[in-house]
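S.K.: Right, I'll just put the structure down here and ask away after.
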Amino acid sequence: MVNEIKPYEFDEIERRFQEQWRASGTFEVSEDSSRPKFYCLEMLPYPSGDIHVGHVRNYCITDVITRFKRMRGFNVLHPIGWDALGLPAENAAIKRGTHPESWTRANIAGMKAQLQRLGFSYAWSREIATCDASYYRWNQWFFLKMLERGIAYRANSPVNWCPSCLTVLANEQAEGGTCWRCHSAIEIRDMEQWFLRITDYQDALLDDMSALSAWPERVLQQQRNWVGRSAGAEVSFPVEGGEDIRIFTTRIDTIYGATFCVLAPEHPLVDSLMSGADQVAQATLRRLRGQDRRARMSGQVEKEGLFTGGFAKNPFSGERVPIWVGNFVLMGYGTGAIMAVPAHDERDFEFARKYGLRIHPVIQPPTGGLDGAIMKEAYVGPGEVTGSAGFNGLPSEVAIERMTAHAASQGFGGSKTAYRLKDWLISRQRYWGTPIPVVYCPKDGVVGVKESDLPIVLPPDAPFTGEGGNPLEKVEAFVRATCPKCGGAARRETDTMDTFVDSSWYFYRYCSPTTDDAPFDKAAVKYWFPIDLYVGGIEHAILHLVYSRFWTKVMKDLGLIDWGEPAARLFPQGMVHNNGEVMSKSKGNTIAPDDVIKRYGADTLRLYILFAAPPELSMEWSETGIEGPHRFLLRVWRLVQKHARPGRPRAHPDGSALSDTGSALRRKVHQTIARVTGDIDERIHLNTAVAALMELTNEIYRLEEGLGGMSDLPALAEGLDALVLLLSPFAPHACEQMWLDLGHVKSLVDEPWPRVDQDALREASTEVAVQVNGKIRARIMVPVGADEAAHKELALSEPSVKAQVLGKTLVKTVIVAGRLVNLVVK
RNA sequence: GCCAGAGUGGCGAAAUUGGCAGACGCAGCGGACUUAAAAUCCGCGGGUCAGGAAUGAUCGUGCGGGUUCGAUUCCCGCCUCUGGCACCA
């Protein structure tokens with residue numbers, strides 16, 4: 001009678017092992033100096049309501065790595081938490097008449113259940129939610145430290161305002177002029193707001209990248225662009241009867257061609273220069289100042305300007321140049337003033353043509369001379385300097401150095417570096433965020449609250465009407481405060497912090513989530529850091545990943561840690577698309593894992609997501625492809641059940657006793673161990689690791705019938721054990737069960753990862769491709785270890801090769817032993 | 001415009017250091033089992049030409065060149081797509 005094969009009841013199996021892992025605290029860890037540590041981190045989710053397969057993909061990657069590293073002997077920290085403050089909760093509260101906190105807590109509970117149903121290996125005792133006052137009090141603590149050091153400051157400046165979210169946004173969150181969250185068009189408003197001086201760290205953010213060799217180049221490049229460091233020079237142009245104009249340029253080599261200066265409409269010198277201007281000019285100036293600044297910054301507005309009536313002196317040529325105001329010059333970059341060199345700058349050229357200003361070439365391109373009167377476009381490349389007394393004949397690069405040195409020695413300029421990066425605007429005019437811990441005192445001004453008064457807790461009784469601004473302003477008991485300095489009546493700050501503050505340092509908190517006298521325990525953090533692998537979406541390349549690098553550098557300066565970068569390796573996983581668009585709640589195209597789990601089980605879902613595409617590329621969700629991994633899992637299941645023999649003694653396979661089939665099986669098993677190990681550990685090519693396991697399974701099916709009796713049985717047992725262990729990081733529940741079915745008694749999570757036996761890889765001969773003039777003509781079997789002469793002889797004795805070589809002269813033979821022979825004939 | 005990444009069968013993809021292009025899987029086709037279907041198991045599978053077939057010839061990794069005995073891989077020049085930045089002086 002044929003053995004009745006136990007059916008694969010995934011729902012029962014998965015729930016049983018999830019309960020077992022939970023009950024025995026399998027994935028809880030503590031600092032243990034006897035083992036190497038590994039900190040495996042994923043970006044914490046926003047509790048929007050439902051986990052979708054986009055999240056699942058992220059967490060499957062870290063889960064495989066966690067389980068793998070653990071079996072490799074590492075003490076692995078794999079924590080999870082909730083980025084729980086933020087606008088969607090408040091908007092939901094307004095819409096549904098609930099409180100942001102109850103909406104958030106309910107979502108966390110639901111999403112947590114979903115994650116647990118997927119069997120992820122989290123250290124749940126370290127779970128954090130950023131909306132807990134025990135967490136955000138440390139945001140406030142950090143803020144006070146930064147306030148003391150002048151890193152946090154309040155200033156009036158033009159800021160991005162989202163008219164739909166009713167709050168200001170950081171520069172990083174105004175993507176291409178639209179709100180990162182709701183994509184409404186951003187307005188620029190002048191407002192007094194709180195900033196963090198990230199620009200103090202702009203050079204460190206760039207220079208420390210040399211330590212980030214395991215970060216992908218595209219992320220570093222995006223960050224470089226964002227910081228936007230450009231080396232140049234600052235030069236003063238003396239103004240007739242007025243204050244000097246300081247300009248910034250990266251092309252001081254063109255300064256003899258500067259035929260006018262242009263100031264931004266908001267430049268502080270404009271008013272005095274135009275004090276004598278007529279009504280028409282004043283009206284034009286007012287109009288330029290009223291133009292939409294966002295549009296001006298993005299170049300969508302036609303270049304326009306007016307002559308101020310003033311003149312300056314070009315400090316190099318001595319030439320008298322008119323001073324203009326132009327809408328294309330931006331107050332927020334460089335000095336807000338430029339020297340205009342129309343011959344060598346496209347924008348200046350366009351402006352000069354429009355207003356009939358002089359175009360004077362001073363750079364000779366390699367192709368020949370330029371004539372300002374007939375130029376059709378600016379020449380912006382480098383060349384040889386002409387018409388520049390004292391510097392003629394020099395190439396641009398040399399002229400830049402010499403002219404900068406000259407300006408410095410003459411006292412009217414010097415080298416200067418400009419940056420695109422702006423300070424981080426962290427104020428938000430919304431309720432559901434960390435209250436900024438300061439009060440406004442009529443006598444003492446802006447005063448930070450006392451550390452002992454932290455946390456400043458969000459009042460639960462704010463009205464969520466969606467009207468009349470920040471709900472906190474309406475909570476009398478919250479706004480009324482006393483001044484920490486004088487004890488007099490004061491008004492509490494009602495702005496809250498950007499939620500990117502919360503996520504800038506949360507990964508330190510995981511190391512000691514209950515520490516209550518500091519943001520974290522220094523020793524615990526020292527043990528776990530740096531993060532060995534950080535997995536998350538590429539969309540955070542210049543938001544979270546810049547902010548968290550900045551925060552770590554600030555923490556170092558505060559003496560809390562002694563390193564300057566949080567993560568050794570960054571792995572940005574590809575996004576999941578559905579119907580051609582990124583899967584996200586706002587797009588309304590999310591797929592919840594629940595239905596898939598119901599039909600196929602969590603193990604199949606995990607396998608499918610990891611098999612469908614390499615983890616770093618985007619993948620298109622498709623329901624049909626999931627059949628393949630499911631069938632594979634069933635194939636493994638049946639194979640194991642067929643050979644399940646609880647209690648069977650195990651023996652190490654004896655290589656010399658194995659049949660040819662037995663040896664072939666062992667070879668495949670150990671080749672697979674090597675492949676899967678390398679695919680997971682080095683490359684994170686999890687899709688090819690799964691493919692290798694499918695191949696192994698196919699091979700065992702092919703070979704099992706031909707196994708030669710008792711002496712081959714240990715090889716089969718070894719192969720099945722290895723298959724289940726190698727598969728376990730991907731499909732942990734089914735593998736736990738199969739491990740028991742194979743006769744083991746303990747959970748496999750602590751089982752050592754299989755090791756490659758080099759002896760098993762050995763074989764008598766290998767297939768070698770034979771090419772004639774680079775074209776494959778035959779495949780021959782060559783004994784392992786054969787020398788080049790033997791390769792050549794075997795190749796030439798092959799009939800199909802003989803036919804190709806016949807009557808021709810062999811001019812060269814290329815031999816790659818064990819792989820290929822190439823015969824070059826004429 | 002600048003920067004980065006990508007382009008391989010009907011589809012998702014693989015090829016780890018310049019060495020057998022298309023592993024593995026989906027969809028498809030053929031066979032076995034079955035009264036039948038599902039499931040399962042076995043097999044086929046880039047194009048063109050020749051052949052009944054095994055097979056052989058030839059083309060083939062976005063396009064055009066180059067280096068090399070040999071190129072999906074390296075170099076030069078284009079095209080297309082994706083992402084980031086963009087009147088940044």
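Residue numbers start at 1 in each chain; chains themselves are named A, B, ... in the order of the structure tokens; ligands are numbered from 1 in the order shown.
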Would you tabulate, counting only C-alpha atoms (C1' of nucleotides), all residues of chain A that have an atom at most 8 Å from an atom of chain B, showing the closest pair of atoms and their distance in Å to one decimal, sorted by chain then ascending number, as JSON lines?
M.R.:
{"residue": "A:Glu217", "atom": "CA", "partner": "B:A4", "partner_atom": "C1'", "distance": 7.8}
{"residue": "A:Arg218", "atom": "CA", "partner": "B:A4", "partner_atom": "C1'", "distance": 5.3}
{"residue": "A:Gln221", "atom": "CA", "partner": "B:A4", "partner_atom": "C1'", "distance": 6.7}
{"residue": "A:Gln222", "atom": "CA", "partner": "B:G84", "partner_atom": "C1'", "distance": 6.0}
{"residue": "A:Asn225", "atom": "CA", "partner": "B:C85", "partner_atom": "C1'", "distance": 6.3}
{"residue": "A:Trp226", "atom": "CA", "partner": "B:C85", "partner_atom": "C1'", "distance": 7.2}
{"residue": "A:Phe248", "atom": "CA", "partner": "B:A89", "partner_atom": "C1'", "distance": 6.9}
{"residue": "A:Thr249", "atom": "CA", "partner": "B:A89", "partner_atom": "C1'", "distance": 5.7}
{"residue": "A:Thr250", "atom": "CA", "partner": "B:A89", "partner_atom": "C1'", "distance": 7.2}
{"residue": "A:Arg296", "atom": "CA", "partner": "B:C87", "partner_atom": "C1'", "distance": 7.6}
{"residue": "A:Met297", "atom": "CA", "partner": "B:C87", "partner_atom": "C1'", "distance": 6.8}
{"residue": "A:Ser298", "atom": "CA", "partner": "B:C87", "partner_atom": "C1'", "distance": 6.9}
{"residue": "A:Gly299", "atom": "CA", "partner": "B:C87", "partner_atom": "C1'", "distance": 4.7}
{"residue": "A:Phe328", "atom": "CA", "partner": "B:C87", "partner_atom": "C1'", "distance": 5.3}
{"residue": "A:Val329", "atom": "CA", "partner": "B:C87", "partner_atom": "C1'", "distance": 7.4}
{"residue": "A:Tyr333", "atom": "CA", "partner": "B:C88", "partner_atom": "C1'", "distance": 6.3}
{"residue": "A:Gly334", "atom": "CA", "partner": "B:C88", "partner_atom": "C1'", "distance": 7.9}
{"residue": "A:Ile338", "atom": "CA", "partner": "B:A89", "partner_atom": "C1'", "distance": 6.2}
{"residue": "A:Met339", "atom": "CA", "partner": "B:A89", "partner_atom": "C1'", "distance": 8.0}
{"residue": "A:Arg347", "atom": "CA", "partner": "B:C87", "partner_atom": "C1'", "distance": 6.7}
{"residue": "A:Arg420", "atom": "CA", "partner": "B:C88", "partner_atom": "C1'", "distance": 6.5}
{"residue": "A:Ala612", "atom": "CA", "partner": "B:G12", "partner_atom": "C1'", "distance": 6.0}
{"residue": "A:Ala613", "atom": "CA", "partner": "B:G12", "partner_atom": "C1'", "distance": 6.8}
{"residue": "A:Thr624", "atom": "CA", "partner": "B:C26", "partner_atom": "C1'", "distance": 7.0}
{"residue": "A:Gly625", "atom": "CA", "partner": "B:C26", "partner_atom": "C1'", "distance": 5.2}
{"residue": "A:Glu627", "atom": "CA", "partner": "B:C26", "partner_atom": "C1'", "distance": 8.0}
{"residue": "A:Gly628", "atom": "CA", "partner": "B:G25", "partner_atom": "C1'", "distance": 6.0}
{"residue": "A:Pro629", "atom": "CA", "partner": "B:G25", "partner_atom": "C1'", "distance": 7.8}
{"residue": "A:Thr688", "atom": "CA", "partner": "B:C24", "partner_atom": "C1'", "distance": 7.5}
{"residue": "A:Ala691", "atom": "CA", "partner": "B:C24", "partner_atom": "C1'", "distance": 4.5}
{"residue": "A:Ala692", "atom": "CA", "partner": "B:C24", "partner_atom": "C1'", "distance": 7.2}
{"residue": "A:Met694", "atom": "CA", "partner": "B:C24", "partner_atom": "C1'", "distance": 6.9}
{"residue": "A:Glu695", "atom": "CA", "partner": "B:C24", "partner_atom": "C1'", "distance": 7.1}
{"residue": "A:Ala769", "atom": "CA", "partner": "B:C20", "partner_atom": "C1'", "distance": 5.8}
{"residue": "A:Asn773", "atom": "CA", "partner": "B:C69", "partner_atom": "C1'", "distance": 6.6}
{"residue": "A:Gly774", "atom": "CA", "partner": "B:G70", "partner_atom": "C1'", "distance": 5.3}
{"residue": "A:Ile776", "atom": "CA", "partner": "B:C20", "partner_atom": "C1'", "distance": 7.2}
{"residue": "A:Lys812", "atom": "CA", "partner": "B:C69", "partner_atom": "C1'", "distance": 7.1}
{"residue": "A:Thr813", "atom": "CA", "partner": "B:C69", "partner_atom": "C1'", "distance": 7.4}
{"residue": "A:Val814", "atom": "CA", "partner": "B:C69", "partner_atom": "C1'", "distance": 6.6}
{"residue": "A:Val816", "atom": "CA", "partner": "B:G19", "partner_atom": "C1'", "distance": 7.5}
{"residue": "A:Arg819", "atom": "CA", "partner": "B:G19", "partner_atom": "C1'", "distance": 7.4}
{"residue": "A:Leu820", "atom": "CA", "partner": "B:G19", "partner_atom": "C1'", "distance": 6.6}
{"residue": "A:Asn822", "atom": "CA", "partner": "B:C69", "partner_atom": "C1'", "distance": 6.7}
{"residue": "A:Leu823", "atom": "CA", "partner": "B:C69", "partner_atom": "C1'", "distance": 7.5}
{"residue": "A:Val824", "atom": "CA", "partner": "B:C69", "partner_atom": "C1'", "distance": 6.0}
S.K.: Quick one: residues within 12 Å of G31 of chain B, only C-alpha atoms (C1' of nucleotides), excluding same-chain residues fewer than 5 positions away - as a list in words?
M.R.: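 Selected residues are C41, C42, G43 and C44 of chain B.
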S.K.: Using DSSP on the backbone, list every residue of segment 572-632 of chain A that comes out as alpha helix (DSSP H), and give them as a list in words.
M.R.: Pro593, Asp594, Asp595, Val596, Ile597, Lys598, Arg599, Tyr600, Ala602, Asp603, Thr604, Leu605, Arg606, Leu607, Tyr608, Ile609, Leu610, Phe611, Glu627, Gly628, Pro629, His630, Arg631 and Phe632 of chain A
S.K.: With only C-alpha atoms (C1' of nucleotides) as the counted atoms, please give the residues lying no more than 10 Å from segment 71-76 of chain B, apart from itself and same-chain residues fewer than 4 positions off, as a PDB file with C-alpha atoms (C1' of nucleotides), in the first residue's frame.
M.R.:
ATOM      1  C1'   U B   8      17.764  40.165 -23.077  1.00  0.00           C
ATOM      2  C1'   A B  15      24.219  34.508 -16.876  1.00  0.00           C
ATOM      3  C1'   G B  18      35.458  39.005 -20.832  1.00  0.00           C
ATOM      4  C1'   G B  19      34.392  32.345 -21.692  1.00  0.00           C
ATOM      5  C1'   A B  21      22.842  33.576 -23.975  1.00  0.00           C
ATOM      6  C1'   U B  61      20.875  40.500 -25.610  1.00  0.00           C
ATOM      7  C1'   G B  65      30.863  51.251 -34.763  1.00  0.00           C
ATOM      8  C1'   G B  66      35.410  49.481 -32.051  1.00  0.00           C
ATOM      9  C1'   U B  67      38.833  46.367 -28.894  1.00  0.00           C
TER      10        U B  67
END
S.K.: Could you tell me which of A:Val745, A:Ile188, A:Ile561, A:Ala778 comes closest to Tyr508 of chain A if we count only C-alpha atoms?
M.R.: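 Nearest candidate to Tyr508 of chain A out of A:Val745, A:Ile188, A:Ile561, A:Ala778: A:Ile561.
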S.K.: Looking only at strand (DSSP E or B) from DSSP on the backbone, list the matching residues of segment 94-304 of chain A as a ChimeraX atom specification.
M.R.: /A:128-129,152-162,167-169,174-175,178-179,185,187-196,214,230-237,239,245-249,260-263
S.K.: Can you measure atom CA of Arg229 of chain A to atom CA of Thr417 of chain A for me? One decimal in Å is fine.
M.R.: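 Answer for the atom CA of Arg229 of chain A to atom CA of Thr417 of chain A separation: 6.8 Å.
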S.K.: Please provide as an NGL selection string all residues within 10 Å of Ser34 of chain A, with the sequence filter that same-chain residues fewer than 2 positions apart are discarded (counting only C-alpha atoms (C1' of nucleotides)).
M.R.: :A and (31-32 or 36-37 or 74-75)
S.K.: With N, CA, C and O atoms retained, write the just-selected residues as a PDB file, in the first residue's frame.
M.R.:
ATOM      1  N   GLU A  31      22.024  42.028  24.293  1.00  0.00           N
ATOM      2  CA  GLU A  31      23.429  42.223  23.951  1.00  0.00           C
ATOM      3  C   GLU A  31      24.212  40.996  24.431  1.00  0.00           C
ATOM      4  O   GLU A  31      24.060  40.583  25.571  1.00  0.00           O
ATOM      5  N   ASP A  32      24.983  40.427  23.537  1.00  0.00           N
ATOM      6  CA  ASP A  32      25.684  39.173  23.850  1.00  0.00           C
ATOM      7  C   ASP A  32      27.038  39.235  23.158  1.00  0.00           C
ATOM      8  O   ASP A  32      27.138  39.080  21.948  1.00  0.00           O
ATOM      9  N   PRO A  36      28.960  37.456  17.170  1.00  0.00           N
ATOM     10  CA  PRO A  36      28.967  38.701  16.395  1.00  0.00           C
ATOM     11  C   PRO A  36      27.536  39.214  16.280  1.00  0.00           C
ATOM     12  O   PRO A  36      26.602  38.422  16.198  1.00  0.00           O
ATOM     13  N   LYS A  37      27.372  40.531  16.298  1.00  0.00           N
ATOM     14  CA  LYS A  37      26.014  41.103  16.229  1.00  0.00           C
ATOM     15  C   LYS A  37      25.665  41.453  14.792  1.00  0.00           C
ATOM     16  O   LYS A  37      26.545  41.663  13.953  1.00  0.00           O
ATOM     17  N   PHE A  74      24.932  34.651  14.043  1.00  0.00           N
ATOM     18  CA  PHE A  74      24.920  36.053  14.479  1.00  0.00           C
ATOM     19  C   PHE A  74      23.823  36.284  15.516  1.00  0.00           C
ATOM     20  O   PHE A  74      22.781  35.605  15.503  1.00  0.00           O
ATOM     21  N   ASN A  75      24.077  37.242  16.388  1.00  0.00           N
ATOM     22  CA  ASN A  75      23.064  37.739  17.315  1.00  0.00           C
ATOM     23  C   ASN A  75      22.340  38.857  16.571  1.00  0.00           C
ATOM     24  O   ASN A  75      22.885  39.941  16.405  1.00  0.00           O
TER      25      ASN A  75
END
S.K.: Would you please work out which residue, of A:Val501, A:Ile247, A:Val576, A:Leu41, is nearest to Tyr135 of chain A when using only C-alpha atoms?
M.R.: A:Val501
S.K.: Determine, counting only C-alpha atoms (C1' of nucleotides), which protein, DNA and RNA residues have an atom within 12 Å of an atom of Arg675 of chain A; residues of the same chain fewer than 5 positions away are not included. Present the result as a list in words.
M.R.: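 These residues fall inside the cut-off: Lys668, Val669, His670, Ile680, Asp681, Glu682, Arg683, Ile684, His685, Leu686, Asn687, Thr688, Ala689, Val690, Ala691, Ala692, Leu693, Glu695, Leu696, Leu726, Pro754, Arg755 and Val756 of chain A; U16 of chain B.
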S.K.: Could you write out that same residue set with N, CA and C atoms (P, O5', C5', C4', C3', O3' and C1' of nucleotides) as a PDB file, in the first residue's frame?
M.R.:
ATOM      1  N   LYS A 668      25.008  18.163  -6.305  1.00  0.00           N
ATOM      2  CA  LYS A 668      23.987  19.192  -6.515  1.00  0.00           C
ATOM      3  C   LYS A 668      23.612  19.852  -5.195  1.00  0.00           C
ATOM      4  N   VAL A 669      23.497  19.041  -4.149  1.00  0.00           N
ATOM      5  CA  VAL A 669      23.138  19.585  -2.837  1.00  0.00           C
ATOM      6  C   VAL A 669      24.178  20.621  -2.401  1.00  0.00           C
ATOM      7  N   HIS A 670      25.444  20.273  -2.547  1.00  0.00           N
ATOM      8  CA  HIS A 670      26.476  21.179  -2.040  1.00  0.00           C
ATOM      9  C   HIS A 670      26.701  22.366  -2.962  1.00  0.00           C
ATOM     10  N   ILE A 680      22.252  35.083  -0.878  1.00  0.00           N
ATOM     11  CA  ILE A 680      21.639  35.818   0.235  1.00  0.00           C
ATOM     12  C   ILE A 680      22.650  36.777   0.859  1.00  0.00           C
ATOM     13  N   ASP A 681      23.838  36.272   1.154  1.00  0.00           N
ATOM     14  CA  ASP A 681      24.767  37.007   1.993  1.00  0.00           C
ATOM     15  C   ASP A 681      25.403  38.193   1.283  1.00  0.00           C
ATOM     16  N   GLU A 682      25.917  37.970   0.102  1.00  0.00           N
ATOM     17  CA  GLU A 682      26.665  39.033  -0.561  1.00  0.00           C
ATOM     18  C   GLU A 682      25.758  39.924  -1.401  1.00  0.00           C
ATOM     19  N   ARG A 683      24.962  39.267  -2.231  1.00  0.00           N
ATOM     20  CA  ARG A 683      24.314  40.034  -3.283  1.00  0.00           C
ATOM     21  C   ARG A 683      22.864  40.395  -2.989  1.00  0.00           C
ATOM     22  N   ILE A 684      22.270  39.689  -2.009  1.00  0.00           N
ATOM     23  CA  ILE A 684      20.840  39.864  -1.751  1.00  0.00           C
ATOM     24  C   ILE A 684      20.053  39.627  -3.041  1.00  0.00           C
ATOM     25  N   HIS A 685      20.481  38.622  -3.812  1.00  0.00           N
ATOM     26  CA  HIS A 685      19.715  38.224  -4.994  1.00  0.00           C
ATOM     27  C   HIS A 685      18.803  37.069  -4.574  1.00  0.00           C
ATOM     28  N   LEU A 686      17.740  37.416  -3.897  1.00  0.00           N
ATOM     29  CA  LEU A 686      16.911  36.374  -3.298  1.00  0.00           C
ATOM     30  C   LEU A 686      16.144  35.602  -4.357  1.00  0.00           C
ATOM     31  N   ASN A 687      15.884  36.237  -5.496  1.00  0.00           N
ATOM     32  CA  ASN A 687      15.160  35.532  -6.559  1.00  0.00           C
ATOM     33  C   ASN A 687      15.971  34.356  -7.111  1.00  0.00           C
ATOM     34  N   THR A 688      17.275  34.523  -7.255  1.00  0.00           N
ATOM     35  CA  THR A 688      18.073  33.418  -7.793  1.00  0.00           C
ATOM     36  C   THR A 688      18.324  32.366  -6.709  1.00  0.00           C
ATOM     37  N   ALA A 689      18.284  32.771  -5.457  1.00  0.00           N
ATOM     38  CA  ALA A 689      18.396  31.783  -4.381  1.00  0.00           C
ATOM     39  C   ALA A 689      17.194  30.835  -4.435  1.00  0.00           C
ATOM     40  N   VAL A 690      16.009  31.406  -4.637  1.00  0.00           N
ATOM     41  CA  VAL A 690      14.811  30.565  -4.733  1.00  0.00           C
ATOM     42  C   VAL A 690      14.911  29.668  -5.970  1.00  0.00           C
ATOM     43  N   ALA A 691      15.386  30.236  -7.072  1.00  0.00           N
ATOM     44  CA  ALA A 691      15.519  29.452  -8.307  1.00  0.00           C
ATOM     45  C   ALA A 691      16.455  28.269  -8.077  1.00  0.00           C
ATOM     46  N   ALA A 692      17.537  28.492  -7.337  1.00  0.00           N
ATOM     47  CA  ALA A 692      18.485  27.412  -7.066  1.00  0.00           C
ATOM     48  C   ALA A 692      17.817  26.300  -6.259  1.00  0.00           C
ATOM     49  N   LEU A 693      16.944  26.692  -5.330  1.00  0.00           N
ATOM     50  CA  LEU A 693      16.238  25.686  -4.528  1.00  0.00           C
ATOM     51  C   LEU A 693      15.238  24.912  -5.372  1.00  0.00           C
ATOM     52  N   GLU A 695      15.709  24.278  -8.528  1.00  0.00           N
ATOM     53  CA  GLU A 695      16.548  23.367  -9.303  1.00  0.00           C
ATOM     54  C   GLU A 695      16.913  22.139  -8.479  1.00  0.00           C
ATOM     55  N   LEU A 696      17.295  22.377  -7.237  1.00  0.00           N
ATOM     56  CA  LEU A 696      17.675  21.260  -6.368  1.00  0.00           C
ATOM     57  C   LEU A 696      16.507  20.283  -6.198  1.00  0.00           C
ATOM     58  N   LEU A 726      17.810  25.413   3.851  1.00  0.00           N
ATOM     59  CA  LEU A 726      18.081  26.519   2.921  1.00  0.00           C
ATOM     60  C   LEU A 726      16.803  27.268   2.569  1.00  0.00           C
ATOM     61  N   PRO A 754      23.645  25.119   6.644  1.00  0.00           N
ATOM     62  CA  PRO A 754      24.442  24.046   6.042  1.00  0.00           C
ATOM     63  C   PRO A 754      25.785  24.558   5.507  1.00  0.00           C
ATOM     64  N   ARG A 755      26.799  23.687   5.612  1.00  0.00           N
ATOM     65  CA  ARG A 755      28.133  24.053   5.136  1.00  0.00           C
ATOM     66  C   ARG A 755      28.466  23.268   3.877  1.00  0.00           C
ATOM     67  N   VAL A 756      29.230  23.901   3.035  1.00  0.00           N
ATOM     68  CA  VAL A 756      29.627  23.258   1.780  1.00  0.00           C
ATOM     69  C   VAL A 756      30.750  22.264   2.063  1.00  0.00           C
TER      70      VAL A 756
ATOM     71  P     U B  16      27.696  36.506 -14.333  1.00  0.00           P
ATOM     72  O5'   U B  16      27.525  36.848 -12.790  1.00  0.00           O
ATOM     73  C5'   U B  16      27.939  38.100 -12.237  1.00  0.00           C
ATOM     74  C4'   U B  16      28.795  37.896 -11.024  1.00  0.00           C
ATOM     75  C3'   U B  16      30.141  37.211 -11.309  1.00  0.00           C
ATOM     76  O3'   U B  16      31.137  37.796 -10.471  1.00  0.00           O
ATOM     77  C1'   U B  16      28.953  35.955  -9.727  1.00  0.00           C
TER      78        U B  16
END
S.K.: Which residue is closest to G77 of chain B? Choose from B:G10, B:G28, B:G64, B:G1 and count only C-alpha atoms (C1' of nucleotides).
M.R.: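 That would be B:G64, the residue with the smallest distance to G77 of chain B.
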S.K.: Distance atom CA of Ile13 of chain A-atom CA of Gly119 of chain A, one decimal place?
M.R.: 11.1 Å
S.K.: Near Leu723 of chain A, counting only C-alpha atoms (C1' of nucleotides), which residues have an atom at most 9 Å away, once you skip same-chain residues fewer than 2 positions from it, shown as a list in words?
M.R.: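 Residues near the query, excluding close chain neighbours: Val636, Val669, Thr672, Ile673, Leu693, Leu696, Thr697, Glu718, Gly719, Leu720, Asp721, Leu725, Leu726, Leu727 and Ser728 of chain A.
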S.K.: How would the residues just chosen look if you wrote them out with C-alpha atoms as an mmCIF file, in the first residue's frame?
M.R.:
data_model
loop_
_atom_site.group_PDB
_atom_site.id
_atom_site.type_symbol
_atom_site.label_atom_id
_atom_site.label_comp_id
_atom_site.auth_asym_id
_atom_site.auth_seq_id
_atom_site.Cartn_x
_atom_site.Cartn_y
_atom_site.Cartn_z
ATOM 1 C CA VAL A 636 9.004 20.051 -1.615
ATOM 2 C CA VAL A 669 23.138 19.585 -2.837
ATOM 3 C CA THR A 672 23.107 24.619 -4.053
ATOM 4 C CA ILE A 673 24.356 25.364 -0.536
ATOM 5 C CA LEU A 693 16.238 25.686 -4.528
ATOM 6 C CA LEU A 696 17.675 21.260 -6.368
ATOM 7 C CA THR A 697 14.141 20.013 -5.822
ATOM 8 C CA GLU A 718 21.440 15.036 3.929
ATOM 9 C CA GLY A 719 19.937 16.524 0.775
ATOM 10 C CA LEU A 720 16.447 16.802 2.218
ATOM 11 C CA ASP A 721 17.780 18.324 5.445
ATOM 12 C CA LEU A 725 17.192 24.451 6.004
ATOM 13 C CA LEU A 726 18.081 26.519 2.921
ATOM 14 C CA LEU A 727 14.411 27.143 2.197
ATOM 15 C CA SER A 728 13.518 28.026 5.772
#
